[in-house]
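Participant: Enclosed is the structure file run_23.cif (mmCIF, C-alpha atoms and all ligand atoms).
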data_target
loop_
_atom_site.label_atom_id
_atom_site.label_comp_id
_atom_site.auth_asym_id
_atom_site.auth_seq_id
_atom_site.Cartn_x
_atom_site.Cartn_y
_atom_site.Cartn_z
CA MET L 1 2.05 140.96 39.03
CA THR L 2 3.28 143.62 36.63
CA ARG L 3 2.04 147.06 37.46
CA LEU L 4 -0.10 149.04 35.03
CA PHE L 5 -0.34 152.80 34.67
CA ASP L 6 -3.58 154.33 33.38
CA SER L 7 -2.18 157.60 32.05
CA HIS L 8 -5.56 159.35 31.70
CA CYS L 9 -8.65 158.59 33.75
CA HIS L 10 -11.38 160.93 35.02
CA LEU L 11 -11.80 159.03 38.26
CA ASP L 12 -13.57 162.03 39.79
CA ALA L 13 -16.37 161.99 37.19
CA PRO L 14 -19.93 161.91 38.56
CA ALA L 15 -20.66 158.77 36.47
CA LEU L 16 -18.40 156.90 38.90
CA ASP L 17 -20.02 158.27 42.07
CA PRO L 18 -22.27 155.23 42.68
CA ASP L 19 -19.47 152.66 42.76
CA ARG L 20 -16.11 154.42 42.84
CA ASP L 21 -14.74 152.18 45.60
CA ASP L 22 -15.60 149.06 43.57
CA VAL L 23 -14.04 150.61 40.46
CA ILE L 24 -10.83 151.23 42.40
CA ALA L 25 -10.87 147.71 43.87
CA ARG L 26 -11.26 146.16 40.39
CA ALA L 27 -8.38 148.28 39.09
CA ILE L 28 -6.11 147.21 41.93
CA GLU L 29 -7.05 143.58 41.30
CA ARG L 30 -5.97 143.95 37.65
CA GLY L 31 -2.60 145.42 38.68
CA VAL L 32 -3.28 149.13 38.14
CA ASP L 33 -0.90 150.92 40.47
CA GLY L 34 -0.66 154.32 38.80
CA VAL L 35 -3.39 156.56 37.43
CA LEU L 36 -3.20 160.14 36.22
CA VAL L 37 -6.41 162.01 36.92
CA PRO L 38 -6.45 165.21 34.83
CA ALA L 39 -8.62 168.19 35.68
CA VAL L 40 -11.61 169.17 33.59
CA SER L 41 -13.04 172.12 35.54
CA PRO L 42 -11.10 174.36 37.95
CA GLU L 43 -14.03 174.05 40.36
CA ARG L 44 -12.95 170.45 40.91
CA TRP L 45 -9.20 170.92 41.38
CA ASP L 46 -9.51 170.42 45.15
CA ALA L 47 -11.69 167.34 44.70
CA LEU L 48 -8.98 165.79 42.53
CA ALA L 49 -6.40 166.21 45.26
CA ALA L 50 -8.82 164.62 47.73
CA LEU L 51 -8.96 161.47 45.53
CA ARG L 52 -5.39 160.66 46.52
CA ALA L 53 -6.60 159.96 50.04
CA ARG L 54 -8.81 157.20 48.60
CA TRP L 55 -6.22 155.60 46.35
CA SER L 56 -2.46 156.07 46.67
CA ALA L 57 -1.98 155.28 42.94
CA VAL L 58 -3.61 158.62 42.01
CA ARG L 59 -1.57 161.50 40.62
CA ILE L 60 -3.27 164.65 39.42
CA ALA L 61 -2.98 167.30 36.72
CA ILE L 62 -4.40 170.81 37.00
CA GLY L 63 -5.88 172.63 34.03
CA VAL L 64 -8.95 173.83 32.15
CA HIS L 65 -10.53 171.45 29.61
CA PRO L 66 -11.91 172.99 26.41
CA TYR L 67 -15.36 171.60 27.37
CA VAL L 68 -15.68 174.00 30.31
CA ILE L 69 -14.16 177.18 28.86
CA ALA L 70 -17.59 178.71 28.35
CA SER L 71 -18.90 177.79 31.79
CA CYS L 72 -16.08 178.62 34.20
CA ALA L 73 -14.02 181.62 35.24
CA VAL L 74 -11.15 180.79 32.86
CA ASP L 75 -9.05 183.89 33.42
CA ASP L 76 -9.16 183.52 37.20
CA ALA L 77 -8.25 179.86 36.86
CA LEU L 78 -5.29 180.61 34.59
CA ALA L 79 -4.08 183.37 36.92
CA THR L 80 -3.98 181.02 39.91
CA MET L 81 -3.01 177.80 38.12
CA GLU L 82 0.71 177.91 38.83
CA ALA L 83 0.27 178.46 42.56
CA ARG L 84 -2.53 175.91 42.78
CA ALA L 85 -0.54 173.29 40.88
CA THR L 86 2.21 173.61 43.45
CA ALA L 87 -0.14 173.71 46.44
CA LEU L 88 -2.08 170.65 45.25
CA GLY L 89 0.99 168.64 44.25
CA ALA L 90 0.06 168.33 40.57
CA VAL L 91 2.48 166.20 38.52
CA ALA L 92 1.30 167.68 35.21
CA ILE L 93 -0.57 170.63 33.69
CA GLY L 94 -3.87 169.89 31.93
CA GLU L 95 -5.86 168.72 30.53
CA CYS L 96 -6.15 171.51 28.04
CA GLY L 97 -6.41 171.53 24.34
CA PHE L 98 -8.00 172.06 21.00
CA ASP L 99 -11.43 170.68 20.13
CA ARG L 100 -13.24 171.55 16.93
CA ARG L 101 -16.56 170.34 18.38
CA VAL L 102 -16.52 172.97 21.14
CA ALA L 103 -18.35 176.23 20.41
CA ILE L 104 -15.34 178.37 21.32
CA ASP L 105 -13.18 180.00 18.71
CA LEU L 106 -10.03 177.90 18.11
CA ALA L 107 -7.93 181.06 18.42
CA ARG L 108 -9.28 181.52 21.96
CA GLN L 109 -8.73 177.83 22.73
CA SER L 110 -5.15 178.21 21.51
CA GLU L 111 -4.53 181.20 23.79
CA ILE L 112 -5.74 179.17 26.74
CA VAL L 113 -3.38 176.34 25.81
CA ASP L 114 -0.56 178.92 25.60
CA ALA L 115 -1.26 179.91 29.21
CA HIS L 116 -1.00 176.25 30.24
CA VAL L 117 2.30 175.95 28.37
CA GLU L 118 3.66 178.92 30.31
CA VAL L 119 2.82 177.26 33.62
CA ALA L 120 4.18 173.90 32.45
CA ARG L 121 7.45 175.62 31.52
CA ALA L 122 7.66 177.58 34.76
CA ARG L 123 7.00 174.50 36.92
CA GLU L 124 8.89 172.10 34.60
CA LEU L 125 5.84 169.85 34.47
CA PRO L 126 4.59 167.84 31.49
CA ILE L 127 1.47 169.05 29.70
CA VAL L 128 -1.61 166.90 29.02
CA LEU L 129 -3.17 167.79 25.68
CA HIS L 130 -6.62 166.98 24.33
CA VAL L 131 -6.78 167.26 20.54
CA VAL L 132 -9.97 166.51 18.65
CA GLY L 133 -10.68 167.28 15.00
CA THR L 134 -7.92 169.85 14.62
CA HIS L 135 -4.64 167.94 14.62
CA GLY L 136 -2.79 170.18 12.16
CA LEU L 137 -3.59 173.39 14.01
CA ALA L 138 -2.71 171.91 17.40
CA LEU L 139 0.62 170.61 16.18
CA GLU L 140 1.54 173.90 14.50
CA ARG L 141 0.67 175.81 17.68
CA MET L 142 2.81 173.53 19.83
CA GLU L 143 5.67 173.57 17.31
CA ARG L 144 5.68 177.34 17.70
CA HIS L 145 6.33 176.83 21.42
CA GLY L 146 9.14 174.39 20.66
CA PRO L 147 10.03 171.41 22.82
CA LEU L 148 9.05 171.56 26.49
CA ARG L 149 11.69 170.45 28.95
CA ALA L 150 9.28 168.17 30.82
CA GLY L 151 7.51 166.95 27.67
CA GLY L 152 3.86 166.07 27.55
CA VAL L 153 1.28 163.73 26.11
CA VAL L 154 -1.30 163.95 23.36
CA HIS L 155 -3.91 161.86 25.12
CA ALA L 156 -6.60 159.67 23.52
CA TRP L 157 -4.76 159.92 20.22
CA SER L 158 -7.18 160.21 17.31
CA GLY L 159 -4.95 161.81 14.71
CA PRO L 160 -3.49 160.33 11.55
CA ALA L 161 -0.49 158.03 12.01
CA GLU L 162 1.55 160.35 9.75
CA LEU L 163 1.55 163.06 12.46
CA VAL L 164 2.88 160.85 15.25
CA ALA L 165 6.52 161.43 14.30
CA ARG L 166 6.16 165.23 14.43
CA TRP L 167 4.68 165.13 17.94
CA VAL L 168 7.41 162.72 19.02
CA ALA L 169 10.07 165.05 17.58
CA LEU L 170 8.57 167.79 19.73
CA GLY L 171 9.12 165.64 22.81
CA PHE L 172 5.55 164.41 23.25
CA SER L 173 4.36 160.97 24.21
CA ILE L 174 1.23 159.50 22.63
CA GLY L 175 -1.62 158.16 24.76
CA ILE L 176 -3.49 155.27 23.16
CA GLY L 177 -6.96 154.79 24.60
CA PRO L 178 -9.65 152.12 24.56
CA VAL L 179 -10.77 153.10 21.05
CA VAL L 180 -7.90 150.86 19.89
CA THR L 181 -10.12 147.90 20.90
CA TRP L 182 -12.88 148.99 18.50
CA ALA L 183 -12.98 147.02 15.26
CA ARG L 184 -13.58 150.13 13.13
CA ALA L 185 -10.83 152.27 14.70
CA ARG L 186 -8.43 151.86 11.81
CA ARG L 187 -6.63 155.16 12.37
CA VAL L 188 -5.90 154.56 16.06
CA LYS L 189 -4.73 150.99 15.35
CA GLU L 190 -2.39 152.30 12.63
CA SER L 191 -1.02 154.93 15.01
CA ALA L 192 -0.55 152.38 17.80
CA ARG L 193 1.84 150.54 15.50
CA VAL L 194 4.11 153.51 14.80
CA VAL L 195 4.55 155.22 18.19
CA PRO L 196 8.15 154.64 19.36
CA LEU L 197 8.07 152.26 22.33
CA GLU L 198 9.65 154.80 24.70
CA ARG L 199 6.89 157.34 23.92
CA LEU L 200 3.93 155.00 24.19
CA LEU L 201 1.37 155.48 26.96
CA VAL L 202 -1.88 153.62 27.54
CA GLU L 203 -5.01 155.08 29.06
CA THR L 204 -8.69 154.42 29.59
CA ASP L 205 -10.02 158.02 29.47
CA ALA L 206 -12.73 156.52 31.72
CA PRO L 207 -15.59 156.81 32.29
CA ASP L 208 -16.42 158.31 28.87
CA GLY L 209 -13.67 156.35 27.15
CA HIS L 210 -14.67 152.71 26.92
CA LEU L 211 -13.83 149.34 25.40
CA GLU L 212 -15.67 148.07 22.33
CA GLY L 213 -19.21 147.11 23.32
CA ALA L 214 -19.13 148.83 26.73
CA THR L 215 -21.01 152.01 27.66
CA ARG L 216 -18.74 153.15 30.49
CA GLY L 217 -15.04 152.74 31.09
CA GLU L 218 -12.98 152.22 34.22
CA PRO L 219 -9.26 152.04 35.00
CA SER L 220 -9.19 148.23 35.10
CA ASP L 221 -9.80 148.39 31.32
CA VAL L 222 -6.23 149.54 30.77
CA ASP L 223 -4.99 145.96 30.52
CA GLU L 224 -7.35 145.37 27.57
CA VAL L 225 -5.89 148.48 25.95
CA VAL L 226 -2.38 147.07 26.45
CA ARG L 227 -3.43 143.75 24.89
CA ALA L 228 -4.98 145.46 21.86
CA VAL L 229 -1.89 147.61 21.31
CA ALA L 230 0.35 144.56 21.71
CA ALA L 231 -1.71 142.72 19.08
CA GLU L 232 -1.29 145.64 16.65
CA ARG L 233 2.47 145.80 17.25
CA ASP L 234 2.81 142.02 17.23
CA VAL L 235 4.67 141.98 20.55
CA ARG L 236 3.94 140.36 23.90
CA ALA L 237 1.53 142.29 26.13
CA GLN L 238 3.95 141.85 29.00
CA GLU L 239 6.61 143.85 27.15
CA LEU L 240 4.16 146.74 26.76
CA ARG L 241 3.00 146.59 30.38
CA VAL L 242 6.61 147.06 31.49
CA ALA L 243 7.41 149.75 28.91
CA THR L 244 4.24 151.82 29.40
CA TRP L 245 4.65 151.72 33.19
CA ALA L 246 8.24 152.97 32.88
CA ASN L 247 7.21 155.67 30.38
CA ALA L 248 4.40 156.94 32.63
CA ILE L 249 6.67 157.02 35.66
CA ARG L 250 9.30 158.94 33.70
CA LEU L 251 6.69 161.52 32.65
CA PHE L 252 4.53 161.77 35.77
CA GLY L 253 6.80 160.22 38.41
ZN ZN L 301 -9.70 163.69 29.56
#
Now that the file is in, can you turn its structure into structure tokens?

Facilitator:
Amino acid sequence: MTRLFDSHCHLDAPALDPDRDDVIARAIERGVDGVLVPAVSPERWDALAALRARWSAVRIAIGVHPYVIASCAVDDALATMEARATALGAVAIGECGFDRRVAIDLARQSEIVDAHVEVARARELPIVLHVVGTHGLALERMERHGPLRAGGVVHAWSGPAELVARWVALGFSIGIGPVVTWARARRVKESARVVPLERLLVETDAPDGHLEGATRGEPSDVDEVVRAVAAERDVRAQELRVATWANAIRLFG
């Protein structure tokens, strides 16, 4: 069976506490053999690392999500992030990002992303970016930093297809999530068609990210994401399984 890589899954989320072992078993059954679990809160960095003992497919990223900026000791986290990333064996820095829905000034959010970029540069690790409702600002900020040697991903892409090329020029990959299976997700479907094959990643963003009609997501959903992207691009799903696995390994391997 071809292996699948879920490039963004919050496998540590409390919503998966009741049946995490079953969720993992279903993912393995569907061929998922790689999963990047990005940090949300620094309080859970250690718990992420512990997940690897439960499933060898797990790789982790260390960072501070915009959702928790107001409720955690951000400056302490940023000050220790580089050392902790090394100690915990993180393969990426994040997730961090820009979110217009969060009640934190975007200038402050941008500064926090800058601190992540510094660590990503110092450790030569890719960066995992969350961008919601502020695609122009995020891109301009990252263009100011210039290309990062280890690249990165704009995960759960929700931006306009016209911006894909600028992120790609900056060295970023684009993570297409389960929203691509939603009938009304015109913008994500359009974007899924234009991402260069070698920069395409698939993800579930589970458990909050979910397939059309579901209320919770899990990593086994990633094959449905691949099928939906393949349908948009008018290629065989198998071709995308192979390509997205190779792309994820190149970035997070
Ligand atoms: Zn996330």

Participant: Show me which residues sit within 9 Å of ligand ZN 301 (chain L) when counting only C-alpha atoms and all ligand atoms, and put them as a ChimeraX atom specification.

Facilitator: /L:8-10,37-40,65,94-96,128-130,155-156,205-206,208-209

Participant: Expressed in Å to a single decimal, how great is the separation between atom CA of L:Arg187 and atom CA of L:Leu163?

Facilitator: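 Between atom CA of L:Arg187 and atom CA of L:Leu163 the gap is 11.4 Å.
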
Participant: What are the nearest atom pairs, with distances in Å to one decimal, for all residues of stretch 1-73 of chain L that come at most 7 Å from stretch 215-233 of chain L, using all atoms listed in the file, set out by chain and rising residue number as CSV?

Facilitator:
residue,atom,partner,partner_atom,distance
L:Asp6,CA,L:Val222,CA,6.1
L:Cys9,CA,L:Pro219,CA,6.7
L:Val23,CA,L:Glu218,CA,6.5
L:Arg26,CA,L:Ser220,CA,6.0
L:Ala27,CA,L:Ser220,CA,4.1
L:Arg30,CA,L:Ser220,CA,5.9
L:Val32,CA,L:Ser220,CA,6.7

Participant: Write out as a compact mmCIF listing (two decimals) with C-alpha atoms, in the coordinates of the input which residues come within 9 Å of L:Val154 when counting all atoms listed in the file, dropping same-chain ones fewer than 2 positions away.

Facilitator:
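The resulting file, selection-v3.txt, is shown below:
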# COMPACT_ATOMS: atom_id res chain seq x y z
CA ILE L 127 1.47 169.05 29.70
CA VAL L 128 -1.61 166.90 29.02
CA LEU L 129 -3.17 167.79 25.68
CA HIS L 130 -6.62 166.98 24.33
CA VAL L 131 -6.78 167.26 20.54
CA GLY L 152 3.86 166.07 27.55
CA ALA L 156 -6.60 159.67 23.52
CA TRP L 157 -4.76 159.92 20.22
CA TRP L 167 4.68 165.13 17.94
CA PHE L 172 5.55 164.41 23.25
CA SER L 173 4.36 160.97 24.21
CA ILE L 174 1.23 159.50 22.63
CA GLY L 175 -1.62 158.16 24.76
CA ILE L 176 -3.49 155.27 23.16

Participant: Between L:Ile60, L:Leu106, L:Ala49, L:Ile112, which has the minimum distance to L:Leu137 (counting all atoms listed in the file)?

Facilitator: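 Of L:Ile60, L:Leu106, L:Ala49, L:Ile112, the one nearest L:Leu137, counting all atoms listed in the file, is L:Leu106.
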
Participant: Kindly give the distance, in Å, that separates atom CA of L:Ala50 and atom CA of L:Gln109, rounded to a single decimal.

Facilitator: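 Pair atom CA of L:Ala50 / atom CA of L:Gln109 returns 28.3 Å.
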
Participant: Using all atoms listed in the file, determine which residues lie at most 8 Å from L:Pro126, disregarding the query and same-chain residues fewer than 5 positions distant; provide the list as a list in words.

Facilitator: Val91, Ala92, Ile93, Ala120, Leu148, Arg149, Ala150, Gly151, Gly152, Val153, Leu251 and Phe252 of chain L

Participant: Can I get the selection written as an mmCIF file, keeping the file's coordinate frame, with C-alpha atoms?

Facilitator:
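The result, stored in again_13.cif:
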data_model
loop_
_atom_site.group_PDB
_atom_site.id
_atom_site.type_symbol
_atom_site.label_atom_id
_atom_site.label_comp_id
_atom_site.auth_asym_id
_atom_site.auth_seq_id
_atom_site.Cartn_x
_atom_site.Cartn_y
_atom_site.Cartn_z
ATOM 1 C CA VAL L 91 2.480 166.200 38.520
ATOM 2 C CA ALA L 92 1.300 167.680 35.210
ATOM 3 C CA ILE L 93 -0.570 170.630 33.690
ATOM 4 C CA ALA L 120 4.180 173.900 32.450
ATOM 5 C CA LEU L 148 9.050 171.560 26.490
ATOM 6 C CA ARG L 149 11.690 170.450 28.950
ATOM 7 C CA ALA L 150 9.280 168.170 30.820
ATOM 8 C CA GLY L 151 7.510 166.950 27.670
ATOM 9 C CA GLY L 152 3.860 166.070 27.550
ATOM 10 C CA VAL L 153 1.280 163.730 26.110
ATOM 11 C CA LEU L 251 6.690 161.520 32.650
ATOM 12 C CA PHE L 252 4.530 161.770 35.770
#

Participant: Please identify all polymer residues lying at most 12 Å from the point (1.0, 154.8, 11.3) (file coordinates), using all atoms listed in the file, and present the result as number ranges by chain.

Facilitator: L: 157-165, 186-196, 232-233

Participant: Just how far from atom CA of L:Gly31 is atom CA of L:Met1, in Å to one decimal?

Facilitator: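 Interatomic distance here is 6.5 Å.
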
Participant: How would you write as a PDB file with C-alpha atoms, in the frame of the given file the residues that get within 10 Å of (-3.4, 178.3, 22.8) in the file's frame, counting only C-alpha atoms?

Facilitator:
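The resulting file, out.pdb, is shown below:
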ATOM      1  CA  CYS L  96      -6.150 171.510  28.040  1.00  0.00           C
ATOM      2  CA  GLY L  97      -6.410 171.530  24.340  1.00  0.00           C
ATOM      3  CA  PHE L  98      -8.000 172.060  21.000  1.00  0.00           C
ATOM      4  CA  LEU L 106     -10.030 177.900  18.110  1.00  0.00           C
ATOM      5  CA  ALA L 107      -7.930 181.060  18.420  1.00  0.00           C
ATOM      6  CA  ARG L 108      -9.280 181.520  21.960  1.00  0.00           C
ATOM      7  CA  GLN L 109      -8.730 177.830  22.730  1.00  0.00           C
ATOM      8  CA  SER L 110      -5.150 178.210  21.510  1.00  0.00           C
ATOM      9  CA  GLU L 111      -4.530 181.200  23.790  1.00  0.00           C
ATOM     10  CA  ILE L 112      -5.740 179.170  26.740  1.00  0.00           C
ATOM     11  CA  VAL L 113      -3.380 176.340  25.810  1.00  0.00           C
ATOM     12  CA  ASP L 114      -0.560 178.920  25.600  1.00  0.00           C
ATOM     13  CA  ALA L 115      -1.260 179.910  29.210  1.00  0.00           C
ATOM     14  CA  HIS L 116      -1.000 176.250  30.240  1.00  0.00           C
ATOM     15  CA  VAL L 117       2.300 175.950  28.370  1.00  0.00           C
ATOM     16  CA  ALA L 138      -2.710 171.910  17.400  1.00  0.00           C
ATOM     17  CA  ARG L 141       0.670 175.810  17.680  1.00  0.00           C
ATOM     18  CA  MET L 142       2.810 173.530  19.830  1.00  0.00           C
ATOM     19  CA  HIS L 145       6.330 176.830  21.420  1.00  0.00           C
TER      20      HIS L 145
END

Participant: Nearest to L:Asp19: which of L:Pro207, L:Thr134, L:Ala248, L:Leu201 is it, counting all atoms listed in the file?

Facilitator: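 Among L:Pro207, L:Thr134, L:Ala248, L:Leu201, it is L:Pro207 that comes nearest to L:Asp19.
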
Participant: Give the answer as one residue: which of L:Arg144, L:Arg123, L:Arg199, L:Arg84 has the shortest atom-to-atom distance to L:Asn247, using all atoms listed in the file?

Facilitator: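 Going through L:Arg144, L:Arg123, L:Arg199, L:Arg84 one by one, the smallest distance to L:Asn247 is for L:Arg199.
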
Participant: Give me, as a count of residues only, all polymer residues having an atom no more than 6 Å from L:Trp245, counting all atoms listed in the file and skipping those fewer than 3 positions away in the same chain.

Facilitator: 4

Participant: Can you list, as a PyMOL selection string, every protein, DNA or RNA residue that comes within 12 Å of L:Ala70 when you count all atoms listed in the file, leaving out same-chain residues fewer than 3 positions away?

Facilitator: chain L and resi 41+64-67+73-75+102-105+108-109+112

Participant: I'd like to know which of L:Pro14, L:Pro42, L:Gly213, L:Gly136 is closest to L:Pro178, using only C-alpha atoms.

Facilitator: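 Closest residue, counting only C-alpha atoms: L:Gly213.
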